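Since the structure comes first, as C-alpha cells, the remarks are kept for the end.
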Number of protein chains: 2
Amino acid sequence: MESKRTQAERSAATRSALVAAARPLFTERGFAAVGTDEIARAAGVTRGALYHQFAGKEELFVAVFEQVESELLARLGAGITTADTSDPVAMLHADVDGWLAACAEPEVHRIVLIEAPAALGWERWRELGRGYGVGLVEAVLDTLMDAGAIARRPVRPLAHVLVGALEEAALYAARAADRPTATDEARQALYALVDGLVLP
Amino acid sequence: MESKRTQAERSAATRSALVAAARPLFTERGFAAVGTDEIARAAGVTRGALYHQFAGKEELFVAVFEQVESELLARLGAGITTADTSDPVAMLHADVDGWLAACAEPEVHRIVLIEAPAALGWERWRELGRGYGVGLVEAVLDTLMDAGAIARRPVRPLAHVLVGALEEAALYAARAADRPTATDEARQALYALVDGLVLP
DNA sequence: GTAACTTACGGACAGGTTGTATGGAAAGCA
DNA sequence: TGCTTTCCATACAACCTGTCCGTAAGTTAC
C-alpha cells in the first residue's frame, strides 16, 4: 500500500518527481518560459508541494542543474581517469571529444550553458560549476603539468579560459544547421587551441 | 518650444530616453528583475510610450544590447586596425588586453555576456553578435592567416572558440575578489592560448 | 487656416505568474 | 490511542506583461 511510505520516502518521491518533470520542460523552453503550475501538474502534484519541497522556482532549477551536471561529470570523469599521460596530445584530444559528445544532448547545453548563468547569476553558476567542469579541467591540466607535458602556470585561470572555449564550441556545434560538420569544425578548433599548450 | 518638435524627433527622444533609462537598470539587476513600469518611470514616460516605441520588453533589451555592443566594437576596432602584422604575438596580446580592459565595465559583462544569451536565446544572441565580437575576431584571424603568421584553417569555428575563451576570461577577471590579480591571471592564460596558435 | 488624418502617448484592463497563508491528511512518537 | 510534526492542496494577495481605447500632438490636403 501507499500508506506505508515513510515521510522521507514521500518527500524524496515528490522531489524527484518535480525534478524529473521540470528537467525536460526547462530543457525545451527555458527557465523563465515555464511556470511552476505546469511543472507541478506534470509531476502529478500541486504548486503547494513544490513550494514545500523547494524554497522557490530557482531552487528547483538548481536541483535540475545539479542533476544534469553530476551526470555529465560522471560521464566525463570515467573517460578521463583511464587516460595515460605519456601522450598528452592524445589525452587532450580525447577529453575534447568526450566533452563535445556529452554536449550533443540538449539538456546539457540548454540547462548548463544557457539558462544557468542567467537564472542563477554568473557567480553562483560558477560556484556550483567549480566542482564540476572547471574542477575536471583543472585536474587534467594539473596532471599534465606534473608530467611535464605542458608548462607549469596557474591552473585555475587557464582552466576557466579553456572551459569558456569548450562551452562556446559545444554551443557552436549543437546549434548549427549542419551539425556533423560544425562539430568537426569545433573539434579542430579546440585541437588547435590545446595543441598549442603542449610543450614541443 | 516643445510644440515645434517633429514627430521623428519626439520618437527619437522617447526611444533614447527609454534605452538610457533601461541600460543601467538592466546592468545592475538583470533583464528579468526589472519591470517595464520602472523603466518607463525612470525615462519620464509611461508604459504606453514604451509599448508604442518597442514591440515589447525584449525588443527594448535588444536596443540596449546593440548600443553597448556598438560602443564596444568601436572601442576595440580602433585599437585593432592600427596594429601591424609583422609581430603577430604582440598584435594578439594587444587585442587580448583591449578586450579585458573593455570588459572591466559592468555593462559589457552583464548585458552582453550574461543577460543577452538567456533573454534573447543563444541563437539570436549569436546572430546579433556575429557583426560584433565574433566578426572582429574573425577579421584578426583572417589577417594573420593571410600574413602567414598562423596556420590557415576555417576561421569561424576558431573565432567562436576564442570568443568563448575571451568571454570567460573577462567574467573570471571582472568578478574576482582581487580583480587586478585575476585580470593578470586571465591575461596570461589567454596569452598562452593565442601564442600556441602562432607558427614558429 | 482649417479639416481630415496619422502618429505618439497616458491610463485602465485582462490574463497569467510567483510566493504565501490556511486547513486537512498522512506519518511519527508517546 | 492521542498529540505533534511533516507533507501537501486550495485559496489568496501582490505583482508584471501586453493590449485596448481615448486623447493630444503633429502632418497633410484643401
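Letters for chains follow the order of the C-alpha cells (A, B, ...), residue numbers begin at 1 for each chain, and ligand numbers begin at 1 in the order shown.
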Query raised in the report: Which polymer residues have any atom within 10 Å of an atom of A:Arg175, counting only C-alpha atoms (C1' of nucleotides), with same-chain residues fewer than 3 positions away left out, as a ChimeraX atom specification?
Result: /A:104,106,109,170-172,178-179,182-183 /B:122-123
Could you make a table, as a Markdown table, of the residues of chain C that have an atom within 12 Å of an atom of chain B, each with its nearest atom pair and distance in Å to one decimal, counting only C-alpha atoms (C1' of nucleotides), in chain and number order?
| residue | atom | partner | partner_atom | distance |
| --- | --- | --- | --- | --- |
| C:DT6 | C1' | B:Gln7 | CA | 10.5 |
| C:DT7 | C1' | B:Gln7 | CA | 7.3 |
| C:DA8 | C1' | B:Ala49 | CA | 7.4 |
| C:DC9 | C1' | B:Ala49 | CA | 5.4 |
| C:DG10 | C1' | B:Gly48 | CA | 6.3 |
| C:DG11 | C1' | B:Gly48 | CA | 8.5 |
| C:DA12 | C1' | B:Gly48 | CA | 11.0 |
Restrict the selected residues to all heavy atoms and save them as a CSV table (one decimal), in the first residue's frame.
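Saved to again-v2.csv:
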chain,number,residue,atom,x,y,z
C,6,DT,P,-5.2,57.8,-42.2
C,6,DT,OP1,-5.0,57.0,-43.4
C,6,DT,OP2,-6.2,57.5,-41.2
C,6,DT,O5',-3.8,58.0,-41.4
C,6,DT,C5',-2.8,58.8,-42.1
C,6,DT,C4',-1.7,59.1,-41.1
C,6,DT,O4',-2.2,60.1,-40.2
C,6,DT,C3',-1.2,57.9,-40.2
C,6,DT,O3',0.2,57.9,-40.3
C,6,DT,C2',-1.7,58.3,-38.8
C,6,DT,C1',-1.8,59.8,-38.8
C,6,DT,N1,-2.7,60.4,-37.9
C,6,DT,C2,-2.3,61.3,-37.0
C,6,DT,O2,-1.1,61.7,-36.9
C,6,DT,N3,-3.3,61.9,-36.1
C,6,DT,C4,-4.6,61.5,-36.1
C,6,DT,O4,-5.4,62.1,-35.4
C,6,DT,C5,-5.0,60.6,-37.1
C,6,DT,C7,-6.5,60.1,-37.2
C,6,DT,C6,-4.1,60.1,-37.9
C,7,DT,P,1.0,56.6,-39.6
C,7,DT,OP1,2.1,56.3,-40.5
C,7,DT,OP2,0.0,55.6,-39.2
C,7,DT,O5',1.6,57.3,-38.3
C,7,DT,C5',2.4,58.4,-38.4
C,7,DT,C4',2.6,59.1,-37.0
C,7,DT,O4',1.4,59.5,-36.5
C,7,DT,C3',3.2,58.1,-36.0
C,7,DT,O3',4.3,58.7,-35.4
C,7,DT,C2',2.1,57.9,-35.0
C,7,DT,C1',1.4,59.2,-35.1
C,7,DT,N1,-0.1,59.2,-34.7
C,7,DT,C2,-0.5,60.1,-33.7
C,7,DT,O2,0.3,60.9,-33.2
C,7,DT,N3,-1.8,60.0,-33.4
C,7,DT,C4,-2.8,59.1,-33.9
C,7,DT,O4,-3.9,59.2,-33.5
C,7,DT,C5,-2.2,58.2,-34.9
C,7,DT,C7,-3.2,57.3,-35.6
C,7,DT,C6,-0.9,58.3,-35.2
C,8,DA,P,5.2,57.9,-34.3
C,8,DA,OP1,6.6,58.3,-34.5
C,8,DA,OP2,4.8,56.5,-34.3
C,8,DA,O5',4.7,58.6,-32.9
C,8,DA,C5',5.0,59.9,-32.6
C,8,DA,C4',4.5,60.2,-31.2
C,8,DA,O4',3.1,60.1,-31.2
C,8,DA,C3',5.0,59.4,-30.1
C,8,DA,O3',5.4,60.2,-29.0
C,8,DA,C2',3.8,58.5,-29.7
C,8,DA,C1',2.6,59.4,-30.1
C,8,DA,N9,1.4,58.8,-30.4
C,8,DA,C8,1.2,57.8,-31.3
C,8,DA,N7,0.0,57.4,-31.5
C,8,DA,C5,-0.7,58.1,-30.5
C,8,DA,C6,-2.1,58.2,-30.2
C,8,DA,N6,-3.0,57.4,-30.7
C,8,DA,N1,-2.4,59.1,-29.2
C,8,DA,C2,-1.5,59.9,-28.7
C,8,DA,N3,-0.2,59.9,-28.9
C,8,DA,C4,0.1,59.0,-29.9
C,9,DC,P,6.2,59.5,-27.8
C,9,DC,OP1,7.1,60.6,-27.3
C,9,DC,OP2,6.7,58.2,-28.2
C,9,DC,O5',5.1,59.4,-26.7
C,9,DC,C5',4.4,60.5,-26.2
C,9,DC,C4',3.1,60.1,-25.5
C,9,DC,O4',2.3,59.4,-26.4
C,9,DC,C3',3.3,59.2,-24.3
C,9,DC,O3',3.1,60.0,-23.1
C,9,DC,C2',2.2,58.2,-24.5
C,9,DC,C1',1.3,58.8,-25.6
C,9,DC,N1,0.6,57.7,-26.4
C,9,DC,C2,-0.8,57.7,-26.3
C,9,DC,O2,-1.4,58.5,-25.5
C,9,DC,N3,-1.5,56.7,-27.0
C,9,DC,C4,-0.8,55.9,-27.8
C,9,DC,N4,-1.5,55.0,-28.5
C,9,DC,C5,0.6,56.0,-27.9
C,9,DC,C6,1.3,56.9,-27.2
C,10,DG,P,3.5,59.5,-21.7
C,10,DG,OP1,4.3,60.5,-21.1
C,10,DG,OP2,4.0,58.1,-21.9
C,10,DG,O5',2.1,59.4,-20.9
C,10,DG,C5',1.2,60.5,-21.1
C,10,DG,C4',-0.2,60.1,-20.5
C,10,DG,O4',-0.9,59.2,-21.5
C,10,DG,C3',-0.2,59.2,-19.3
C,10,DG,O3',-1.1,59.7,-18.3
C,10,DG,C2',-0.5,57.8,-19.7
C,10,DG,C1',-1.3,58.0,-20.9
C,10,DG,N9,-1.2,57.0,-22.0
C,10,DG,C8,0.0,56.5,-22.5
C,10,DG,N7,-0.2,55.6,-23.4
C,10,DG,C5,-1.6,55.4,-23.5
C,10,DG,C6,-2.3,54.6,-24.3
C,10,DG,O6,-1.9,53.7,-25.1
C,10,DG,N1,-3.7,54.7,-24.0
C,10,DG,C2,-4.2,55.6,-23.1
C,10,DG,N2,-5.6,55.6,-23.1
C,10,DG,N3,-3.5,56.5,-22.4
C,10,DG,C4,-2.2,56.3,-22.6
C,11,DG,P,-1.2,59.2,-16.9
C,11,DG,OP1,-1.5,60.3,-16.0
C,11,DG,OP2,0.0,58.3,-16.7
C,11,DG,O5',-2.5,58.2,-16.9
C,11,DG,C5',-3.7,58.7,-17.4
C,11,DG,C4',-4.8,57.5,-17.5
C,11,DG,O4',-4.5,56.7,-18.6
C,11,DG,C3',-4.8,56.6,-16.3
C,11,DG,O3',-6.1,56.4,-15.8
C,11,DG,C2',-4.1,55.3,-16.7
C,11,DG,C1',-4.5,55.3,-18.2
C,11,DG,N9,-3.5,54.6,-19.0
C,11,DG,C8,-2.1,54.7,-18.9
C,11,DG,N7,-1.5,53.9,-19.8
C,11,DG,C5,-2.6,53.3,-20.5
C,11,DG,C6,-2.5,52.4,-21.6
C,11,DG,O6,-1.5,51.9,-22.2
C,11,DG,N1,-3.8,52.1,-22.1
C,11,DG,C2,-5.0,52.6,-21.5
C,11,DG,N2,-6.1,52.1,-22.1
C,11,DG,N3,-5.0,53.4,-20.5
C,11,DG,C4,-3.8,53.8,-20.1
C,12,DA,P,-6.5,55.6,-14.6
C,12,DA,OP1,-7.5,56.3,-13.8
C,12,DA,OP2,-5.2,55.1,-13.9
C,12,DA,O5',-7.2,54.3,-15.2
C,12,DA,C5',-8.1,54.5,-16.2
C,12,DA,C4',-8.5,53.1,-16.9
C,12,DA,O4',-7.4,52.7,-17.7
C,12,DA,C3',-8.7,52.0,-15.9
C,12,DA,O3',-9.9,51.2,-16.2
C,12,DA,C2',-7.4,51.2,-15.9
C,12,DA,C1',-7.1,51.3,-17.4
C,12,DA,N9,-5.7,51.1,-17.7
C,12,DA,C8,-4.6,51.6,-17.1
C,12,DA,N7,-3.4,51.3,-17.6
C,12,DA,C5,-3.8,50.4,-18.6
C,12,DA,C6,-3.0,49.7,-19.6
C,12,DA,N6,-1.7,49.7,-19.6
C,12,DA,N1,-3.7,49.0,-20.5
C,12,DA,C2,-5.0,49.0,-20.5
C,12,DA,N3,-5.9,49.6,-19.6
C,12,DA,C4,-5.2,50.3,-18.7
Query raised in the report: Which residues, written as a PyMOL selection string, have at least one atom at most 12 Å from stretch 85-101 of chain B, with only C-alpha atoms (C1' of nucleotides) counted and residues fewer than 5 positions away on the same chain left out?
Result: chain B and resi 72-80+106+108-109+133+136-137+139-150+162-163+165-174+179-180+182-200
Report task. Kindly indicate which residue among B:Arg124, B:Arg130, B:His160, B:Arg29 lies nearest to chain A, using only C-alpha atoms for the distances. Result ->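 Nearest candidate to chain A out of B:Arg124, B:Arg130, B:His160, B:Arg29: B:His160.
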Query raised in the report: Within 12 Å of D:DC3, counting only C-alpha atoms (C1' of nucleotides), which residues qualify if same-chain residues fewer than 4 places away don't, as a ChimeraX atom specification?
Result: /C:28-30
Report task. Tell me the residues of chain D close to chain B, meaning within 12 Å using only C-alpha atoms (C1' of nucleotides), as a ChimeraX atom specification. Result -> /D:15-21,24-27
